[in-house]
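The file final09.txt contains compact mmCIF, C-alpha atoms and all ligand atoms:
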```txt
# COMPACT_ATOMS: atom_id res chain seq x y z
CA MET L 1 113.15 113.08 84.41
CA GLU L 2 112.05 116.24 86.18
CA LYS L 3 109.56 115.59 89.01
CA LYS L 4 106.11 117.07 88.38
CA VAL L 5 104.74 116.40 91.86
CA SER L 6 106.11 115.92 95.37
CA TYR L 7 106.30 112.33 96.64
CA ASP L 8 106.32 113.45 100.26
CA ALA L 9 102.76 113.22 101.55
CA PHE L 10 101.65 109.81 100.20
CA TRP L 11 102.45 107.13 102.81
CA MET L 12 102.67 104.21 100.40
CA PRO L 13 101.13 100.84 101.29
CA PHE L 14 103.28 97.71 101.52
CA THR L 15 106.19 99.68 100.07
CA ALA L 16 109.66 100.57 101.29
CA ASN L 17 108.77 104.27 101.31
CA ARG L 18 112.27 105.73 101.68
CA ASN L 19 113.71 103.38 99.09
CA PHE L 20 110.88 104.10 96.64
CA LYS L 21 110.97 107.84 97.06
CA ALA L 22 114.71 107.84 96.42
CA ASP L 23 114.25 105.87 93.19
CA PRO L 24 110.56 106.01 92.23
CA ARG L 25 108.77 103.88 89.67
CA ILE L 26 105.94 106.12 88.48
CA ILE L 27 103.27 104.74 86.18
CA ASN L 28 101.03 107.43 84.73
CA ARG L 29 99.36 105.65 81.82
CA ALA L 30 98.29 102.13 80.82
CA GLU L 31 96.69 100.43 77.85
CA GLY L 32 96.07 96.80 76.98
CA MET L 33 99.01 94.69 78.22
CA TYR L 34 101.21 97.70 78.91
CA CYS L 35 101.87 100.37 81.50
CA TYR L 36 103.95 103.44 80.73
CA SER L 37 106.40 105.03 83.13
CA ASP L 38 106.62 108.79 83.64
CA ASN L 39 109.45 108.97 81.11
CA GLY L 40 107.35 107.09 78.55
CA THR L 41 109.02 103.67 78.87
CA GLN L 42 106.70 100.85 77.84
CA LEU L 43 106.36 98.17 80.53
CA LEU L 44 104.74 94.80 79.97
CA ASP L 45 102.33 94.20 82.84
CA ALA L 46 102.98 90.60 83.86
CA THR L 47 100.89 90.90 87.04
CA ALA L 48 97.66 92.57 85.87
CA GLY L 49 98.39 95.42 88.25
CA LEU L 50 98.00 93.70 91.60
CA TRP L 51 96.38 90.48 90.30
CA CYS L 52 93.33 92.46 89.25
CA VAL L 53 93.31 94.00 85.75
CA ASN L 54 92.03 90.78 84.22
CA ALA L 55 90.48 92.38 81.11
CA GLY L 56 93.63 94.41 80.38
CA HIS L 57 94.16 98.13 80.84
CA GLY L 58 92.16 101.02 79.45
CA ARG L 59 88.88 99.27 78.65
CA LYS L 60 86.87 102.24 77.46
CA GLU L 61 83.46 100.62 77.84
CA ILE L 62 83.99 100.29 81.60
CA GLY L 63 84.74 104.01 81.89
CA GLU L 64 81.79 104.87 79.69
CA ALA L 65 79.42 102.77 81.80
CA MET L 66 80.70 104.50 84.94
CA ALA L 67 80.30 107.98 83.44
CA LYS L 68 76.74 107.15 82.35
CA GLN L 69 75.94 105.90 85.85
CA VAL L 70 77.33 109.04 87.52
CA ALA L 71 75.05 111.14 85.33
CA GLU L 72 72.05 108.95 86.21
CA LEU L 73 72.62 108.18 89.91
CA ASP L 74 75.95 109.00 91.52
CA TYR L 75 75.13 107.64 94.94
CA SER L 76 72.28 106.57 97.13
CA SER L 77 72.37 104.99 100.59
CA PRO L 78 72.38 101.19 100.62
CA PHE L 79 70.90 101.17 104.14
CA ASN L 80 67.10 100.95 103.80
CA PHE L 81 67.21 102.12 100.16
CA GLY L 82 68.15 100.32 96.98
CA HIS L 83 68.84 101.01 93.33
CA ASP L 84 68.17 98.86 90.29
CA ILE L 85 71.79 98.61 89.21
CA GLY L 86 72.80 97.04 92.54
CA PHE L 87 70.13 94.35 92.25
CA GLU L 88 70.86 93.86 88.55
CA PHE L 89 74.57 93.40 89.21
CA ALA L 90 73.93 90.96 92.07
CA GLU L 91 71.67 88.82 89.86
CA ARG L 92 74.24 88.86 87.09
CA LEU L 93 77.06 87.92 89.47
CA VAL L 94 75.28 84.86 90.83
CA SER L 95 74.95 83.51 87.30
CA PHE L 96 78.75 82.96 87.55
CA THR L 97 78.96 81.51 91.06
CA PRO L 98 78.89 77.80 91.94
CA PRO L 99 75.46 76.22 92.41
CA GLY L 100 73.74 77.32 95.61
CA LEU L 101 75.87 80.41 96.23
CA ASN L 102 73.17 82.78 95.09
CA LYS L 103 73.37 85.68 97.53
CA VAL L 104 75.81 88.62 97.33
CA PHE L 105 76.99 90.92 100.12
CA PHE L 106 78.84 93.91 98.64
CA THR L 107 82.03 95.43 100.07
CA ASN L 108 84.70 97.78 98.71
CA SER L 109 87.77 95.58 98.79
CA GLY L 110 89.06 92.09 99.32
CA SER L 111 89.94 92.86 102.94
CA GLU L 112 86.39 93.97 103.61
CA ALA L 113 85.04 90.91 101.81
CA VAL L 114 87.07 88.75 104.20
CA GLU L 115 85.85 90.62 107.29
CA SER L 116 82.29 90.34 106.01
CA ALA L 117 82.62 86.62 105.27
CA LEU L 118 83.99 85.91 108.75
CA LYS L 119 81.14 87.87 110.32
CA ILE L 120 78.56 86.15 108.11
CA ALA L 121 79.95 82.78 109.23
CA LEU L 122 79.69 83.81 112.89
CA ALA L 123 76.20 85.25 112.42
CA TYR L 124 75.14 82.01 110.71
CA GLN L 125 76.41 79.85 113.55
CA GLN L 126 74.62 82.04 116.09
CA ALA L 127 71.41 82.01 114.06
CA LYS L 128 71.62 78.22 113.88
CA GLY L 129 71.88 77.97 117.64
CA ASN L 130 75.55 76.96 117.58
CA THR L 131 76.23 79.62 120.18
CA GLY L 132 79.68 78.38 121.19
CA LYS L 133 81.10 78.39 117.66
CA PHE L 134 83.38 81.44 117.52
CA LYS L 135 86.82 80.15 116.58
CA LEU L 136 88.23 80.69 113.13
CA ILE L 137 90.85 78.59 111.35
CA GLY L 138 93.17 79.94 108.67
CA ARG L 139 96.38 78.62 107.18
CA GLU L 140 100.07 79.42 107.36
CA LEU L 141 101.21 81.72 104.54
CA GLY L 142 97.57 82.64 103.87
CA TYR L 143 96.77 86.24 102.96
CA HIS L 144 93.30 87.54 103.67
CA GLY L 145 93.85 91.27 103.53
CA VAL L 146 94.94 93.60 106.25
CA ASN L 147 92.04 94.19 108.61
CA PHE L 148 91.98 92.61 112.04
CA GLY L 149 89.90 89.57 111.10
CA GLY L 150 91.98 89.01 107.99
CA ILE L 151 95.32 89.20 109.79
CA SER L 152 93.98 86.94 112.54
CA VAL L 153 93.23 84.13 110.09
CA GLY L 154 96.11 85.15 107.84
CA GLY L 155 99.39 83.32 108.05
CA LEU L 156 102.04 85.81 106.98
CA THR L 157 104.03 86.68 110.08
CA PRO L 158 105.06 90.27 109.22
CA ASN L 159 101.41 91.17 108.64
CA ARG L 160 100.38 89.83 112.07
CA LYS L 161 103.17 90.55 114.47
CA GLY L 162 103.06 93.79 116.40
CA PHE L 163 99.33 94.23 116.04
CA GLY L 164 98.45 92.95 119.47
CA PRO L 165 96.15 90.15 120.49
CA LEU L 166 94.10 89.06 117.51
CA LEU L 167 90.89 87.05 117.18
CA PRO L 168 90.78 83.49 118.55
CA THR L 169 92.19 81.49 115.67
CA ASP L 170 94.30 78.51 114.77
CA HIS L 171 96.13 77.70 111.58
CA LEU L 172 96.60 74.75 109.26
CA SER L 173 100.06 74.12 107.85
CA HIS L 174 100.71 75.52 104.42
CA THR L 175 100.96 73.06 101.53
CA LEU L 176 104.24 74.21 100.01
CA ASP L 177 106.46 71.13 99.73
CA ILE L 178 109.39 71.82 97.46
CA ALA L 179 111.18 68.64 98.53
CA ASN L 180 108.40 66.48 97.05
CA ASN L 181 106.61 68.67 94.53
CA ALA L 182 109.26 70.93 92.96
CA PHE L 183 108.64 71.78 89.30
CA SER L 184 105.48 69.69 89.14
CA GLN L 185 102.90 70.74 86.58
CA GLY L 186 99.21 70.86 87.37
CA LEU L 187 98.20 70.27 90.98
CA PRO L 188 100.89 68.64 93.12
CA GLU L 189 100.63 64.91 93.77
CA HIS L 190 101.90 65.04 97.34
CA GLY L 191 100.30 66.61 100.37
CA ALA L 192 96.54 65.93 100.38
CA ASP L 193 97.06 64.37 103.81
CA LYS L 194 97.77 67.87 105.19
CA ALA L 195 94.00 68.38 105.10
CA GLU L 196 93.74 65.85 107.96
CA GLN L 197 95.17 68.55 110.22
CA LEU L 198 91.79 70.22 110.05
CA GLU L 199 90.20 67.19 111.68
CA GLN L 200 92.89 67.33 114.37
CA LEU L 201 92.44 71.06 115.00
CA ILE L 202 88.67 70.66 115.25
CA GLN L 203 89.11 67.76 117.69
CA PHE L 204 91.62 69.79 119.68
CA HIS L 205 89.42 72.89 120.01
CA GLY L 206 86.14 71.00 120.08
CA ALA L 207 83.73 70.96 117.15
CA ASP L 208 81.30 73.01 119.22
CA SER L 209 83.76 75.95 119.26
CA VAL L 210 84.94 76.13 115.63
CA ALA L 211 82.85 78.40 113.40
CA ALA L 212 84.70 78.62 110.10
CA VAL L 213 87.77 77.75 108.06
CA ILE L 214 89.15 80.14 105.47
CA VAL L 215 91.70 79.28 102.79
CA GLU L 216 92.74 80.64 99.45
CA PRO L 217 92.27 77.80 96.95
CA ILE L 218 95.70 78.87 95.66
CA SER L 219 97.67 81.03 98.11
CA GLY L 220 98.66 84.13 96.18
CA ALA L 221 100.66 86.53 98.31
CA GLY L 222 102.18 83.61 100.23
CA GLY L 223 104.03 82.60 97.05
CA VAL L 224 101.50 81.01 94.66
CA ILE L 225 101.10 77.76 96.58
CA LEU L 226 98.90 75.17 94.89
CA PRO L 227 96.54 72.81 96.69
CA PRO L 228 97.69 69.18 96.42
CA LYS L 229 95.30 66.91 94.53
CA GLY L 230 92.36 66.01 96.77
CA TYR L 231 93.28 68.52 99.51
CA LEU L 232 90.41 71.00 99.05
CA ARG L 233 87.87 68.21 98.69
CA ARG L 234 89.00 66.76 102.00
CA LEU L 235 88.68 70.16 103.70
CA ARG L 236 85.12 70.28 102.34
CA GLU L 237 84.29 66.85 103.79
CA ILE L 238 85.69 67.70 107.21
CA CYS L 239 83.83 71.04 107.37
CA SER L 240 80.55 69.38 106.41
CA LYS L 241 81.07 66.69 109.03
CA HIS L 242 81.55 69.23 111.84
CA ASP L 243 79.15 71.97 110.74
CA VAL L 244 82.05 74.34 110.10
CA VAL L 245 81.63 77.03 107.44
CA LEU L 246 84.13 76.65 104.61
CA ILE L 247 85.23 79.97 103.10
CA PHE L 248 87.25 80.15 99.90
CA ASP L 249 89.04 83.46 99.60
CA GLU L 250 88.94 83.88 95.83
CA VAL L 251 90.04 87.50 95.68
CA ILE L 252 92.84 86.40 93.32
CA THR L 253 91.62 83.04 92.01
CA GLY L 254 88.24 84.34 90.84
CA TRP L 255 87.34 85.83 87.49
CA GLY L 256 89.23 83.70 85.02
CA ARG L 257 92.63 83.46 86.65
CA LEU L 258 92.39 79.65 86.63
CA GLY L 259 90.36 79.29 83.44
CA ALA L 260 86.96 79.32 85.13
CA SER L 261 84.81 81.91 86.89
CA PHE L 262 86.10 80.65 90.25
CA ALA L 263 88.67 78.19 91.59
CA SER L 264 85.74 76.43 93.13
CA GLU L 265 84.59 75.54 89.61
CA ALA L 266 88.12 74.79 88.35
CA PHE L 267 88.75 72.41 91.28
CA ASP L 268 85.16 71.19 91.56
CA VAL L 269 84.80 71.88 95.29
CA VAL L 270 81.99 74.11 96.50
CA PRO L 271 82.56 76.12 99.69
CA ASP L 272 79.84 77.82 101.76
CA LEU L 273 81.12 81.35 101.20
CA ILE L 274 83.37 82.87 98.53
CA THR L 275 85.12 86.21 98.85
CA SER L 276 85.79 88.19 95.70
CA ALA L 277 87.26 91.57 94.65
CA LYS L 278 89.97 92.69 92.19
CA GLY L 279 88.89 91.11 88.86
CA ILE L 280 85.23 91.69 89.67
CA THR L 281 85.68 95.16 88.11
CA SER L 282 88.95 94.29 86.38
CA GLY L 283 90.60 96.56 88.96
CA VAL L 284 89.07 99.71 87.50
CA VAL L 285 87.24 100.72 90.65
CA PRO L 286 87.24 99.26 94.19
CA LEU L 287 84.57 96.64 94.74
CA GLY L 288 84.42 93.44 96.74
CA ALA L 289 81.76 90.85 97.42
CA VAL L 290 80.92 87.81 99.47
CA PHE L 291 78.93 85.10 97.74
CA ALA L 292 76.87 83.12 100.22
CA LYS L 293 74.96 79.87 100.07
CA ASP L 294 71.25 80.40 100.07
CA GLU L 295 70.94 78.38 103.28
CA ILE L 296 73.30 80.76 105.09
CA TYR L 297 71.32 83.80 103.98
CA GLN L 298 67.97 82.19 104.85
CA THR L 299 69.17 81.06 108.28
CA VAL L 300 70.51 84.51 109.23
CA VAL L 301 67.61 86.47 107.77
CA ASN L 302 64.93 84.23 109.24
CA SER L 303 66.47 84.34 112.70
CA ALA L 304 65.38 87.95 113.27
CA PRO L 305 61.84 89.16 113.84
CA GLU L 306 60.02 90.58 110.81
CA GLY L 307 60.96 94.26 110.33
CA ALA L 308 64.23 93.98 112.30
CA VAL L 309 67.71 94.33 110.80
CA GLU L 310 69.02 90.77 110.57
CA PHE L 311 72.76 91.36 110.15
CA PHE L 312 74.39 94.37 111.77
CA HIS L 313 77.03 94.94 109.16
CA GLY L 314 77.52 96.94 105.95
CA TYR L 315 79.43 99.78 104.34
CA THR L 316 78.48 103.24 103.12
CA TYR L 317 79.57 102.11 99.69
CA SER L 318 78.16 98.54 99.69
CA GLY L 319 76.91 98.09 96.14
CA HIS L 320 77.97 101.59 95.06
CA PRO L 321 76.06 102.28 91.82
CA VAL L 322 79.15 103.43 89.92
CA ALA L 323 81.13 100.34 90.96
CA CYS L 324 78.17 98.14 89.95
CA ALA L 325 78.11 99.82 86.53
CA ALA L 326 81.84 99.11 86.19
CA GLY L 327 81.25 95.51 87.25
CA LEU L 328 78.46 94.93 84.73
CA ALA L 329 80.59 96.34 81.92
CA THR L 330 83.48 94.11 83.05
CA LEU L 331 81.31 90.99 82.98
CA ASP L 332 80.16 91.96 79.46
CA ILE L 333 83.79 92.04 78.34
CA TYR L 334 84.63 88.74 80.05
CA GLN L 335 81.71 87.02 78.35
CA ARG L 336 82.03 88.63 74.93
CA GLU L 337 85.75 87.86 74.70
CA GLY L 338 85.63 84.46 76.39
CA LEU L 339 88.24 85.66 78.90
CA LEU L 340 87.13 83.56 81.86
CA GLU L 341 87.91 80.28 80.07
CA ARG L 342 91.04 81.48 78.30
CA ALA L 343 93.55 80.36 80.96
CA SER L 344 92.40 76.75 80.66
CA GLY L 345 93.11 76.66 76.92
CA GLU L 346 96.11 77.01 74.63
CA ILE L 347 97.37 80.25 76.17
CA GLY L 348 97.45 78.71 79.65
CA GLN L 349 99.42 75.76 78.24
CA TYR L 350 101.85 78.11 76.52
CA PHE L 351 102.33 80.05 79.76
CA GLN L 352 103.03 76.81 81.61
CA GLN L 353 105.55 75.62 79.01
CA GLY L 354 107.23 79.02 79.00
CA LEU L 355 107.67 79.11 82.77
CA HIS L 356 108.84 75.51 82.95
CA SER L 357 111.44 76.15 80.24
CA LEU L 358 113.37 77.98 83.01
CA LYS L 359 113.61 74.83 85.10
CA ASP L 360 117.29 74.09 84.55
CA ILE L 361 118.58 77.51 85.55
CA PRO L 362 120.61 76.82 88.71
CA SER L 363 119.30 79.83 90.71
CA ILE L 364 115.70 78.60 90.37
CA VAL L 365 114.47 76.06 92.94
CA ASP L 366 110.81 75.74 92.01
CA ILE L 367 108.25 76.75 89.40
CA ARG L 368 104.54 76.63 90.22
CA ASN L 369 101.61 77.54 88.04
CA TYR L 370 97.98 76.94 87.26
CA GLY L 371 96.02 78.68 84.52
CA LEU L 372 97.42 82.20 84.23
CA ILE L 373 99.01 82.42 87.65
CA GLY L 374 102.56 81.35 88.25
CA ALA L 375 105.59 81.72 90.47
CA ILE L 376 109.29 81.23 90.13
CA GLN L 377 111.10 80.61 93.36
CA PHE L 378 114.80 81.40 93.59
CA ALA L 379 117.35 79.86 95.91
CA GLU L 380 117.84 81.78 99.12
CA PRO L 381 120.96 83.94 98.72
CA GLN L 382 123.87 83.13 101.01
CA ASP L 383 123.48 86.38 102.94
CA GLY L 384 119.84 85.43 103.68
CA LYS L 385 118.57 88.68 102.16
CA PRO L 386 115.54 87.94 99.95
CA ILE L 387 116.32 88.41 96.28
CA GLY L 388 112.79 88.89 94.89
CA PHE L 389 112.68 92.68 95.15
CA ASP L 390 116.02 92.95 93.42
CA ILE L 391 114.69 90.80 90.56
CA LEU L 392 111.55 92.96 90.40
CA LYS L 393 113.72 96.04 89.92
CA ARG L 394 115.84 94.33 87.29
CA CYS L 395 112.70 93.24 85.40
CA TYR L 396 111.37 96.80 85.58
CA ASP L 397 114.59 98.11 84.10
CA LYS L 398 114.12 95.60 81.25
CA GLY L 399 110.51 96.67 80.67
CA VAL L 400 108.55 93.97 82.53
CA MET L 401 106.49 94.45 85.69
CA VAL L 402 106.40 91.47 88.07
CA ARG L 403 105.53 90.99 91.72
CA SER L 404 108.00 89.85 94.35
CA MET L 405 107.63 88.13 97.68
CA GLY L 406 110.71 86.91 99.49
CA ASN L 407 112.69 84.87 97.00
CA THR L 408 109.69 84.34 94.73
CA ILE L 409 108.53 86.19 91.64
CA ALA L 410 104.81 85.95 90.94
CA LEU L 411 103.15 86.34 87.57
CA SER L 412 99.43 86.86 86.92
CA PRO L 413 99.11 88.63 83.58
CA PRO L 414 95.92 90.12 82.17
CA LEU L 415 93.80 87.37 80.61
CA ILE L 416 94.13 89.06 77.19
CA ILE L 417 97.80 88.04 77.07
CA GLU L 418 99.16 86.62 73.78
CA LYS L 419 102.06 84.27 73.11
CA GLN L 420 104.48 87.05 72.15
CA HIS L 421 103.97 88.67 75.58
CA ILE L 422 104.68 85.37 77.31
CA ASP L 423 107.88 85.05 75.28
CA VAL L 424 109.04 88.47 76.49
CA ILE L 425 108.28 87.66 80.13
CA VAL L 426 110.07 84.31 79.94
CA ASP L 427 113.12 85.71 78.09
CA THR L 428 113.45 88.59 80.54
CA LEU L 429 113.28 86.30 83.56
CA SER L 430 115.59 83.80 81.94
CA ASN L 431 118.30 86.41 81.29
CA ILE L 432 118.04 87.79 84.81
CA ALA L 433 117.94 84.34 86.46
CA LYS L 434 121.03 83.21 84.52
CA ASP L 435 122.94 86.17 85.93
CA ILE L 436 122.19 85.15 89.51
CA PRO L 437 125.04 83.05 90.92
N1 LIG M 501 92.37 88.09 100.00
C1 LIG M 501 93.28 87.71 99.11
C2 LIG M 501 93.41 86.26 98.75
C3 LIG M 501 94.10 88.65 98.48
O1 LIG M 501 95.04 88.26 97.62
C4 LIG M 501 93.93 90.00 98.81
C5 LIG M 501 94.77 91.02 98.16
O2 LIG M 501 95.71 90.75 97.47
C6 LIG M 501 92.96 90.35 99.75
C7 LIG M 501 92.20 89.38 100.32
C8 LIG M 501 92.78 91.78 100.15
O3 LIG M 501 92.23 92.51 99.13
P1 LIG M 501 92.33 94.12 99.17
O4 LIG M 501 93.75 94.48 98.98
O5 LIG M 501 91.42 94.52 98.05
O6 LIG M 501 91.79 94.56 100.49
```
If you took the structure in this file and wrote it as structure tokens, what would it be?
Ligand code: PLP
Amino acid sequence: MEKKVSYDAFWMPFTANRNFKADPRIINRAEGMYCYSDNGTQLLDATAGLWCVNAGHGRKEIGEAMAKQVAELDYSSPFNFGHDIGFEFAERLVSFTPPGLNKVFFTNSGSEAVESALKIALAYQQAKGNTGKFKLIGRELGYHGVNFGGISVGGLTPNRKGFGPLLPTDHLSHTLDIANNAFSQGLPEHGADKAEQLEQLIQFHGADSVAAVIVEPISGAGGVILPPKGYLRRLREICSKHDVVLIFDEVITGWGRLGASFASEAFDVVPDLITSAKGITSGVVPLGAVFAKDEIYQTVVNSAPEGAVEFFHGYTYSGHPVACAAGLATLDIYQREGLLERASGEIGQYFQQGLHSLKDIPSIVDIRNYGLIGAIQFAEPQDGKPIGFDILKRCYDKGVMVRSMGNTIALSPPLIIEKQHIDVIVDTLSNIAKDIP
């Protein structure tokens, strides 16, 4: 294929630039469940882009809503001015959030949602008079975006190391336990006791110094790691006991991935703050949000004198009108097509059965899934070189797009997926996995 553009100037994120530019994978078009490469090859999107295109590609009504909004109001400052569509979208969003989380702080991305949530938690503790509470607790293998707060609480070593002293944090152990939970279906039976580490960390640092705990209900980028039964509930109890803000980073788990609006609903545990992005606009345009408990908003807002700015934080594009228009159109699609519940029904079951049918292939050491998110973990190759990226490339050559991390392949297809697409994904992975010694 003759190159139409130069690949020189674009410094690609989280990509082996030299390797990619020598053998690029260029996607110039997408529709429904499929992306199309520059030479026209049809590729089944088994990852909804980057865990975000939940309504499937090319939803015309989202584009139309955005175009209409640009013609009406392209932009207006969110500092000291407002626009109806921002308020309308916020009201609509909180009809999906767990009870009590009825305030929305808009950002442009998941990383910014995380930074904002951490700062809201700190502002809340200050406003409450808990002036010593500054420490933040994350979890090993957690991914909370790439900004300094996010990498401080994050638990993926390559994302942290080399970036100097980070914020004062500590970390819980991750909950991946292949020895006890391999190939289990639904939430793992073993490991709820790992939540007790939070009690220990709070005792160690002193409850008067710990402001917030942040976890992904299911760790995505760390390898699709599920919370053991009872684990999240125990975190909730410990946070309540010590006046520590519990943040669920639902950038991946929100918007139907687990068969409910949020993991919080799917797992019946309500945090104090939820971060969101990706599926909130079905990936069409950047938008993130923090959903906050009313009490947090009231405490922060009422701590400042009347007429004063209460929270010194915000973005030029917080609640951008065009992103809000995209978001409203996305929510219309989710509701009209029943997409947010779909993963908890027959299609989620079929996905689970399909993945678990690979269980006896010798190169596979674990299969994890919940709703329409899943992971297949391969045995570490003898040379120690992770095999995931190689499998990603082989899948691409066979017409399926997956995500790789280490020795794990992650799947998070658009929620419009049908059984025949699942069959293709499973067959492709099966053939590739059987070829791995
Ligand atoms: N938090 C979680 C759980 C994520 O999975 C991600 C991205 O994958 C982020 C935060 C960061 O989001 P973004 O890439 O939009 O900044």
*For Val70 of chain L, which residue out of L:Lys419, L:His320, L:His174, L:Arg342 is the nearest one, using only C-alpha atoms?*
L:His320
Shell of 8 Å around ligand LIG 501 (chain M) (all atoms listed in the file), written as a JSON list (two decimals) with C-alpha atoms, in the coordinates of the input:
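Saved to pocket-v5.json:
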```json
[["chain", "number", "residue", "atom", "x", "y", "z"],
["L", 50, "LEU", "CA", 98.00, 93.70, 91.60],
["L", 51, "TRP", "CA", 96.38, 90.48, 90.30],
["L", 108, "ASN", "CA", 84.70, 97.78, 98.71],
["L", 109, "SER", "CA", 87.77, 95.58, 98.79],
["L", 110, "GLY", "CA", 89.06, 92.09, 99.32],
["L", 111, "SER", "CA", 89.94, 92.86, 102.94],
["L", 112, "GLU", "CA", 86.39, 93.97, 103.61],
["L", 113, "ALA", "CA", 85.04, 90.91, 101.81],
["L", 114, "VAL", "CA", 87.07, 88.75, 104.20],
["L", 142, "GLY", "CA", 97.57, 82.64, 103.87],
["L", 143, "TYR", "CA", 96.77, 86.24, 102.96],
["L", 144, "HIS", "CA", 93.30, 87.54, 103.67],
["L", 145, "GLY", "CA", 93.85, 91.27, 103.53],
["L", 146, "VAL", "CA", 94.94, 93.60, 106.25],
["L", 150, "GLY", "CA", 91.98, 89.01, 107.99],
["L", 216, "GLU", "CA", 92.74, 80.64, 99.45],
["L", 219, "SER", "CA", 97.67, 81.03, 98.11],
["L", 220, "GLY", "CA", 98.66, 84.13, 96.18],
["L", 221, "ALA", "CA", 100.66, 86.53, 98.31],
["L", 249, "ASP", "CA", 89.04, 83.46, 99.60],
["L", 250, "GLU", "CA", 88.94, 83.88, 95.83],
["L", 251, "VAL", "CA", 90.04, 87.50, 95.68],
["L", 252, "ILE", "CA", 92.84, 86.40, 93.32],
["L", 253, "THR", "CA", 91.62, 83.04, 92.01],
["L", 275, "THR", "CA", 85.12, 86.21, 98.85],
["L", 276, "SER", "CA", 85.79, 88.19, 95.70],
["L", 277, "ALA", "CA", 87.26, 91.57, 94.65],
["L", 278, "LYS", "CA", 89.97, 92.69, 92.19],
["L", 286, "PRO", "CA", 87.24, 99.26, 94.19],
["L", 287, "LEU", "CA", 84.57, 96.64, 94.74],
["L", 288, "GLY", "CA", 84.42, 93.44, 96.74]]
```
*Could you work out how far atom CA of Gly86 of chain L lies from atom CA of Gly319 of chain L, giving the answer in Å with one decimal?*
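Separation between atom CA of Gly319 of chain L and atom CA of Gly86 of chain L: 5.6 Å.
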_For a quick check of understanding, using all atoms listed in the file, which of L:Phe204, L:Lys229, L:Pro168, L:Glu196 has the smallest distance to Ile137 of chain L?_
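Selected residue with least distance to Ile137 of chain L: L:Pro168.
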Coordinates of box centre and edge lengths for segment 345-353 of chain L, 5 Å on every side, axis-aligned, as AutoDock Vina command-line options:
```
--center_x 99.3 --center_y 77.9 --center_z 78.1 --size_x 22.4 --size_y 14.6 --size_z 17.0
```
*Out of L:Gln42, L:Ile391, L:Ile367, L:Pro78, which residue has the shortest atom-to-atom distance to Tyr317 of chain L when counting all atoms listed in the file?*
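Closest to Tyr317 of chain L of all the choices is L:Pro78.
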*When you draw a straight line from atom CA of Thr408 of chain L to atom CA of Asp390 of chain L, how long is it in Å?*
10.8 Å
*Proximity to Tyr297 of chain L - best of L:Gln125, L:Tyr75, L:Ile333, L:Ala192, all atoms listed in the file*: L:Gln125
*Anything within 12 Å of (76.2, 81.7, 88.7): list those residues as an NGL selection string, counting only C-alpha atoms and sticking to the file's coordinates.*
:L and (89-104 or 255 or 260-262 or 264-265 or 291-293)
*Near Leu415 of chain L, counting all atoms listed in the file, which residues have an atom at most 7 Å away, once you skip same-chain residues fewer than 2 positions from it, shown as a list in words?*
Asn54, Ala55, Leu339, Arg342, Pro413 and Ile417 of chain L
What does the file look like for those residues with C-alpha atoms, as a CSV table (one decimal), in the coordinates of the input?
```csv
chain,number,residue,atom,x,y,z
L,54,ASN,CA,92.0,90.8,84.2
L,55,ALA,CA,90.5,92.4,81.1
L,339,LEU,CA,88.2,85.7,78.9
L,342,ARG,CA,91.0,81.5,78.3
L,413,PRO,CA,99.1,88.6,83.6
L,417,ILE,CA,97.8,88.0,77.1
```
*asked:* Please list as a PyMOL selection string every residue within 10 Å of segment 305-310 of chain L, counting only C-alpha atoms and excluding residues in the same chain fewer than 5 positions away.
replied: chain L and resi 80+123+127+297+299-300
*With all atoms listed in the file counted, which protein, DNA or RNA residues have an atom no more than 8 Å from (109.8, 90.0, 93.3) in the file frame? Please answer as a list in words.*
Ile387, Gly388, Phe389, Asp390, Ile391, Leu392, Lys393, Val402, Arg403, Ser404, Met405, Gly406, Asn407, Thr408, Ile409 and Ala410 of chain L
Emit the selected residues as a PDB file, in the coordinates of the input, including C-alpha atoms.
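Writing done, so here's part.pdb:
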```
ATOM      1  CA  ILE L 387     116.320  88.410  96.280  1.00  0.00           C
ATOM      2  CA  GLY L 388     112.790  88.890  94.890  1.00  0.00           C
ATOM      3  CA  PHE L 389     112.680  92.680  95.150  1.00  0.00           C
ATOM      4  CA  ASP L 390     116.020  92.950  93.420  1.00  0.00           C
ATOM      5  CA  ILE L 391     114.690  90.800  90.560  1.00  0.00           C
ATOM      6  CA  LEU L 392     111.550  92.960  90.400  1.00  0.00           C
ATOM      7  CA  LYS L 393     113.720  96.040  89.920  1.00  0.00           C
ATOM      8  CA  VAL L 402     106.400  91.470  88.070  1.00  0.00           C
ATOM      9  CA  ARG L 403     105.530  90.990  91.720  1.00  0.00           C
ATOM     10  CA  SER L 404     108.000  89.850  94.350  1.00  0.00           C
ATOM     11  CA  MET L 405     107.630  88.130  97.680  1.00  0.00           C
ATOM     12  CA  GLY L 406     110.710  86.910  99.490  1.00  0.00           C
ATOM     13  CA  ASN L 407     112.690  84.870  97.000  1.00  0.00           C
ATOM     14  CA  THR L 408     109.690  84.340  94.730  1.00  0.00           C
ATOM     15  CA  ILE L 409     108.530  86.190  91.640  1.00  0.00           C
ATOM     16  CA  ALA L 410     104.810  85.950  90.940  1.00  0.00           C
TER      17      ALA L 410
END
```
*Pick from L:Ser344, L:Thr169, L:Thr131, L:Gln185: nearest to Asp208 of chain L, with all atoms listed in the file counted?*
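When distances to Asp208 of chain L are compared using all atoms listed in the file, the smallest one comes from L:Thr131.
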*With only C-alpha atoms as the basis for distance, which of L:Leu429, L:Val424, L:Ala121, L:Met401 is at the shortest distance from Ala46 of chain L?*
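Answer, going by the shortest atom-to-atom distance: L:Met401.
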*asked:* So that I can check the surroundings of Leu73 of chain L, please list as a count of residues only every protein, DNA and RNA residue that reaches within 12 Å of it, counting all atoms listed in the file and ignoring chain neighbours fewer than 6 positions away.
replied: 14
